[in-house]
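One file, my_file29.txt, carrying compact mmCIF, C-alpha atoms:
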# COMPACT_ATOMS: atom_id res chain seq x y z
CA MET D 1 -9.44 -34.44 77.84
CA ASN D 2 -11.55 -36.84 75.77
CA LYS D 3 -10.69 -38.50 72.48
CA THR D 4 -13.55 -39.34 70.10
CA ILE D 5 -13.05 -41.30 66.88
CA PHE D 6 -15.35 -40.71 63.90
CA GLU D 7 -15.63 -42.69 60.68
CA ILE D 8 -16.09 -40.35 57.68
CA THR D 9 -16.92 -42.64 54.74
CA LYS D 10 -16.91 -39.89 52.08
CA MET D 11 -13.64 -38.26 53.18
CA ASP D 12 -11.15 -39.16 50.46
CA CYS D 13 -9.32 -35.93 49.57
CA PRO D 14 -8.07 -32.67 51.14
CA SER D 15 -11.23 -30.76 50.21
CA GLU D 16 -13.33 -32.84 52.60
CA GLU D 17 -10.75 -32.30 55.35
CA ASN D 18 -10.95 -28.54 54.92
CA LEU D 19 -14.76 -28.61 54.89
CA ILE D 20 -14.77 -30.50 58.18
CA ARG D 21 -12.22 -28.13 59.73
CA MET D 22 -14.31 -25.10 58.77
CA LYS D 23 -17.52 -26.69 60.04
CA LEU D 24 -16.00 -27.45 63.43
CA ASP D 25 -14.16 -24.15 63.71
CA GLY D 26 -15.46 -22.10 66.60
CA ILE D 27 -16.44 -25.01 68.83
CA SER D 28 -14.46 -24.03 71.91
CA SER D 29 -14.35 -27.51 73.42
CA ILE D 30 -12.19 -28.86 70.56
CA ALA D 31 -8.46 -28.99 71.35
CA ASN D 32 -7.22 -30.73 68.20
CA LEU D 33 -8.35 -32.55 65.04
CA ASP D 34 -6.32 -35.50 63.73
CA PHE D 35 -7.30 -36.65 60.21
CA ASP D 36 -6.55 -40.13 58.84
CA ILE D 37 -7.78 -39.94 55.24
CA GLN D 38 -6.36 -43.35 54.32
CA ASN D 39 -8.65 -45.06 56.82
CA ARG D 40 -11.33 -42.33 56.57
CA LYS D 41 -11.13 -41.63 60.29
CA LEU D 42 -11.19 -38.39 62.30
CA ILE D 43 -9.93 -38.20 65.88
CA VAL D 44 -11.30 -35.25 67.87
CA PHE D 45 -9.58 -34.25 71.12
CA HIS D 46 -12.08 -32.28 73.17
CA SER D 47 -13.34 -31.40 76.62
CA GLY D 48 -16.93 -31.82 77.72
CA GLU D 49 -19.71 -33.45 75.72
CA ILE D 50 -19.42 -34.61 72.10
CA ASP D 51 -23.03 -33.87 71.09
CA GLN D 52 -22.42 -30.53 69.33
CA ILE D 53 -19.37 -31.88 67.50
CA GLU D 54 -21.20 -35.02 66.39
CA LYS D 55 -24.18 -33.00 65.15
CA SER D 56 -21.91 -30.69 63.11
CA ILE D 57 -20.13 -33.63 61.46
CA ILE D 58 -23.40 -35.39 60.57
CA GLU D 59 -24.78 -32.17 59.04
CA LEU D 60 -22.03 -32.24 56.38
CA ASN D 61 -23.51 -35.47 54.93
CA LEU D 62 -20.08 -37.01 54.47
CA GLY D 63 -21.10 -40.30 56.08
CA GLY D 64 -19.88 -39.27 59.54
CA LYS D 65 -20.48 -41.74 62.37
CA LYS D 66 -19.11 -41.78 65.92
CA ILE D 67 -17.09 -44.92 66.67
CA SER D 68 -15.89 -44.43 70.24
CA THR D 69 -15.12 -41.92 73.00
CA GLU D 70 -12.47 -42.39 75.68
CA GLN D 71 -10.43 -40.31 78.09
CA THR D 72 -6.83 -39.42 77.21
CA ASP D 73 -3.89 -37.79 78.96
CA GLN D 74 -2.64 -36.19 75.72
CA THR D 75 -2.70 -32.39 75.96
CA GLN D 76 0.14 -31.38 73.62
CA PHE D 77 -0.39 -31.35 69.84
CA LYS D 78 1.89 -30.58 66.92
CA GLU D 79 1.20 -27.36 65.04
CA ASN D 80 2.01 -26.94 61.36
CA THR D 81 3.49 -23.47 60.90
CA ASN D 82 3.73 -23.91 57.12
CA GLN D 83 0.03 -24.70 56.63
CA LYS D 84 -0.92 -21.22 55.41
CA LYS D 85 1.97 -21.09 52.92
CA LEU D 86 1.10 -24.53 51.54
CA LEU D 87 -2.59 -23.64 51.23
CA TRP D 88 -1.60 -20.53 49.26
CA SER D 89 0.42 -22.72 46.87
CA VAL D 90 -2.49 -25.10 46.30
CA LEU D 91 -4.93 -22.22 45.88
CA THR D 92 -2.67 -20.58 43.29
CA ILE D 93 -2.33 -23.77 41.24
CA ASN D 94 -6.07 -24.47 41.29
CA PHE D 95 -7.04 -20.91 40.38
CA ALA D 96 -4.41 -20.74 37.62
CA PHE D 97 -5.82 -23.90 36.03
CA PHE D 98 -9.34 -22.55 36.40
CA ILE D 99 -8.29 -19.64 34.15
CA ILE D 100 -6.32 -21.89 31.76
CA GLU D 101 -9.10 -24.47 31.35
CA MET D 102 -11.87 -21.88 31.11
CA THR D 103 -9.95 -19.97 28.41
CA THR D 104 -8.94 -23.02 26.38
CA GLY D 105 -12.40 -24.56 26.87
CA ILE D 106 -14.11 -21.52 25.37
CA ILE D 107 -11.60 -21.27 22.50
CA SER D 108 -11.73 -25.01 21.69
CA LYS D 109 -15.55 -25.16 22.25
CA SER D 110 -15.13 -27.92 24.85
CA MET D 111 -17.73 -28.04 27.61
CA GLY D 112 -15.64 -30.73 29.30
CA LEU D 113 -12.77 -28.28 29.83
CA VAL D 114 -15.14 -25.51 30.90
CA ALA D 115 -16.76 -27.81 33.47
CA ASP D 116 -13.37 -29.03 34.72
CA SER D 117 -12.30 -25.41 35.15
CA LEU D 118 -15.27 -24.89 37.48
CA ASP D 119 -14.20 -27.93 39.47
CA MET D 120 -10.79 -26.29 39.87
CA LEU D 121 -12.57 -23.10 40.95
CA ALA D 122 -14.55 -25.12 43.50
CA ASP D 123 -11.31 -26.39 45.05
CA SER D 124 -9.99 -22.81 45.04
CA PHE D 125 -13.06 -21.74 47.00
CA VAL D 126 -12.46 -24.42 49.64
CA TYR D 127 -8.82 -23.43 50.17
CA GLY D 128 -9.61 -19.74 49.79
CA ILE D 129 -12.26 -19.81 52.50
CA SER D 130 -9.74 -21.48 54.82
CA LEU D 131 -7.13 -18.80 54.09
CA PHE D 132 -9.07 -15.56 53.88
CA ALA D 133 -11.11 -16.32 56.98
CA VAL D 134 -8.11 -17.19 59.16
CA GLY D 135 -8.50 -15.28 62.39
CA GLY D 136 -11.91 -14.00 61.32
CA THR D 137 -15.22 -14.43 63.04
CA ILE D 138 -17.57 -17.35 62.47
CA ILE D 139 -20.07 -14.97 60.86
CA LYS D 140 -17.41 -13.81 58.39
CA LYS D 141 -16.56 -17.39 57.45
CA LYS D 142 -20.23 -18.27 56.94
CA ARG D 143 -20.78 -15.24 54.71
CA ILE D 144 -17.78 -16.12 52.55
CA ALA D 145 -18.96 -19.75 52.29
CA LYS D 146 -22.47 -18.66 51.27
CA LEU D 147 -21.15 -16.30 48.60
CA ALA D 148 -18.80 -18.94 47.20
CA GLY D 149 -21.49 -21.64 47.16
CA TYR D 150 -24.10 -19.56 45.34
CA PHE D 151 -21.57 -18.23 42.84
CA GLN D 152 -20.52 -21.78 42.05
CA ILE D 153 -24.14 -22.89 41.52
CA ILE D 154 -24.82 -19.96 39.18
CA LEU D 155 -21.80 -20.86 37.03
CA ALA D 156 -22.83 -24.53 36.90
CA VAL D 157 -26.40 -23.66 35.88
CA ILE D 158 -25.09 -21.43 33.08
CA GLY D 159 -22.96 -24.39 32.00
CA PHE D 160 -26.00 -26.69 31.94
CA VAL D 161 -27.90 -24.23 29.75
CA GLU D 162 -24.98 -24.06 27.33
CA VAL D 163 -24.77 -27.87 27.21
CA LEU D 164 -28.47 -28.06 26.26
CA ARG D 165 -28.02 -25.40 23.59
CA ARG D 166 -25.14 -27.27 22.03
CA PHE D 167 -26.88 -30.64 22.32
CA PHE D 168 -29.91 -29.52 20.28
CA GLY D 169 -28.09 -27.06 18.03
CA ALA D 170 -25.60 -27.46 15.20
CA GLU D 171 -22.22 -26.80 16.77
CA LYS D 172 -18.70 -27.34 15.49
CA LEU D 173 -16.75 -30.22 16.98
CA PRO D 174 -14.58 -29.26 19.97
CA ASN D 175 -10.84 -29.38 19.40
CA PHE D 176 -10.02 -32.85 20.73
CA SER D 177 -6.25 -32.29 20.85
CA THR D 178 -6.68 -29.21 23.08
CA MET D 179 -9.00 -31.18 25.36
CA ILE D 180 -6.45 -33.95 25.78
CA ILE D 181 -3.33 -31.80 26.17
CA VAL D 182 -4.85 -29.35 28.68
CA SER D 183 -6.40 -32.19 30.71
CA ILE D 184 -3.05 -33.96 30.93
CA PHE D 185 -1.49 -30.79 32.37
CA ALA D 186 -4.44 -30.44 34.77
CA LEU D 187 -3.90 -34.02 35.87
CA ILE D 188 -0.26 -33.21 36.59
CA ALA D 189 -1.34 -30.08 38.50
CA ASN D 190 -3.66 -32.12 40.71
CA GLY D 191 -0.79 -34.48 41.47
CA ILE D 192 1.39 -31.52 42.46
CA CYS D 193 -1.37 -30.20 44.74
CA LEU D 194 -1.64 -33.53 46.51
CA TYR D 195 2.14 -33.62 46.93
CA ILE D 196 2.18 -30.12 48.39
CA LEU D 197 -0.60 -30.96 50.84
CA GLN D 198 1.22 -34.13 51.83
CA LYS D 199 4.21 -32.00 52.87
CA SER D 200 2.04 -30.23 55.43
CA LYS D 201 2.06 -33.33 57.64
CA SER D 202 4.83 -34.92 59.63
CA LYS D 203 5.94 -38.44 58.75
CA GLU D 204 3.80 -39.86 61.52
CA GLU D 205 0.79 -38.00 60.14
CA ALA D 206 1.53 -38.45 56.46
CA HIS D 207 -1.95 -39.68 55.67
CA MET D 208 -2.13 -37.30 52.72
CA LYS D 209 -0.29 -40.00 50.75
CA ALA D 210 -3.64 -41.77 50.76
CA SER D 211 -4.99 -39.00 48.51
CA MET D 212 -2.70 -40.31 45.76
CA ILE D 213 -3.93 -43.85 46.33
CA PHE D 214 -7.63 -43.01 46.34
CA THR D 215 -8.88 -41.88 42.94
CA SER D 216 -10.27 -38.46 43.76
CA ASN D 217 -12.97 -36.67 41.78
CA ASP D 218 -10.42 -34.33 40.24
CA VAL D 219 -8.37 -37.15 38.77
CA ILE D 220 -11.48 -38.95 37.50
CA ILE D 221 -12.65 -35.75 35.82
CA ASN D 222 -9.28 -35.18 34.13
CA LEU D 223 -9.24 -38.73 32.80
CA GLY D 224 -12.88 -38.37 31.73
CA VAL D 225 -12.12 -35.29 29.63
CA ILE D 226 -9.15 -37.06 28.03
CA ILE D 227 -11.35 -40.04 27.11
CA ALA D 228 -14.07 -37.67 25.85
CA GLY D 229 -11.48 -35.99 23.62
CA LEU D 230 -10.50 -39.33 22.12
CA LEU D 231 -14.17 -40.21 21.54
CA VAL D 232 -14.86 -36.85 19.92
CA ASN D 233 -12.12 -37.58 17.39
CA TRP D 234 -13.17 -41.20 16.89
CA MET D 235 -16.93 -40.60 16.59
CA SER D 236 -16.72 -37.14 14.95
CA SER D 237 -19.38 -36.04 17.43
CA ASN D 238 -19.53 -33.46 20.21
CA LYS D 239 -21.76 -35.71 22.36
CA PRO D 240 -18.93 -37.26 24.45
CA ASP D 241 -17.75 -33.75 25.34
CA LEU D 242 -21.28 -32.69 26.33
CA ILE D 243 -21.79 -35.83 28.41
CA ILE D 244 -18.59 -35.40 30.43
CA GLY D 245 -19.40 -31.70 30.82
CA THR D 246 -22.83 -32.55 32.27
CA ILE D 247 -21.33 -35.06 34.71
CA VAL D 248 -18.77 -32.55 35.95
CA PHE D 249 -21.38 -29.81 36.35
CA VAL D 250 -23.35 -32.17 38.61
CA LEU D 251 -20.23 -32.76 40.72
CA VAL D 252 -19.61 -29.00 40.89
CA ILE D 253 -23.15 -28.37 42.17
CA GLN D 254 -22.76 -31.13 44.77
CA GLY D 255 -19.58 -29.41 45.96
CA ALA D 256 -21.41 -26.08 46.07
CA PHE D 257 -24.09 -27.50 48.35
CA ARG D 258 -21.36 -28.81 50.66
CA ILE D 259 -19.89 -25.33 50.86
CA LEU D 260 -23.34 -23.85 51.52
CA LYS D 261 -23.78 -26.17 54.48
CA LEU D 262 -20.92 -24.29 56.13
CA SER D 263 -23.00 -21.10 56.06
CA LYS D 264 -25.81 -22.58 58.15
Can you present the structure in this file as structure tokens?
Amino acid sequence: MNKTIFEITKMDCPSEENLIRMKLDGISSIANLDFDIQNRKLIVFHSGEIDQIEKSIIELNLGGKKISTEQTDQTQFKENTNQKKLLWSVLTINFAFFIIEMTTGIISKSMGLVADSLDMLADSFVYGISLFAVGGTIIKKKRIAKLAGYFQIILAVIGFVEVLRRFFGAEKLPNFSTMIIVSIFALIANGICLYILQKSKSKEEAHMKASMIFTSNDVIINLGVIIAGLLVNWMSSNKPDLIIGTIVFVLVIQGAFRILKLSK
């Protein structure tokens, strides 16, 4: 058995971990994956050569770089029997807030909330692909990833078009209080998701606590929408809402391209 350590510079939340797991799924030489998000490290226990594994990690464009490879006598690894149940919980929370933010975003005329709802949907896709493809073939997983990625891009492009229409047209101001209140609840939901995912690890492997230390994209987006809501009220302008919406749509498309890489 060999143990290879990778540095993954852009791995700072559970979504990246799931993307890596799905990308490496099906490589028969892999015995176990040990993620250390706090230090942005991945330890791969494998037999044979590392070339295919290294190539797959680099293809994700997450800043993956091989640090070292050494032999190890370790052959027994802990299995988390509650992983599927916990993933279902996180998926449910993310999808529920996708519906809540999309609905309130449309009603309050806030593109920031609409865009944030798509970010929640993106996270749902990541966890959903992991769940629905459990035990399935590699081809099935790639098809699901491709469908999810393209669907996400289509929604983001529609959002961009709507932002442009509102930027050059005469639109009513979004309801700033709705923006702030809903985003606060979304921020709490993201914290709950991180807590749930943390429970999926033993104390020795409790690196998911690092997800609460690192400011993830989801938390930044929630805070951004809250600030945009305050600026909308202060400036009596919808421009802050449109700006944060545009930024989030860009992040959503970046996430979609990551998902599409899994289908290659």
Compile the contact shell of range 182-184 of chain D as a VMD selection string: residues with an atom at most 10 Å away, counting only C-alpha atoms, same-chain residues fewer than 6 positions apart removed. chain D and resid 97 100 to 101 104 to 105 112 to 113 116 190 219 221 to 227 229
CA of Ser124 in chain D and CA of Leu91 in chain D, how far apart in Å? 5.2 Å
Straight-line distance linking CA of Glu7 in chain D with CA of Lys66 in chain D, stated in Å to one decimal: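 So the answer is 6.4 Å.
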Please list as number ranges by chain every residue within 12 Å of range 150-155 of chain D, counting only C-alpha atoms and excluding residues in the same chain fewer than 6 positions away. D: 102, 114-126, 143-144, 161-162, 249-261, 263
For Lys10 in chain D, list every protein, DNA or RNA residue within 10 Å, evaluated using only C-alpha atoms, and leave out those in the same chain fewer than 2 positions away; present the list as a PyMOL selection string. chain D and resi 7-8+12-13+16+37+40+61-64
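With CA of Val44 in chain D on one side and CA of Ile30 in chain D on the other, the separation reads 7.0 Å.
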Identify which of the residues D:Thr69, D:Gln74, D:Asn175, D:Asn233 lies closest to Met111 in chain D, counting all atoms listed in the file when measuring atom-to-atom distances.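 That would be D:Asn175, the residue with the smallest distance to Met111 in chain D.
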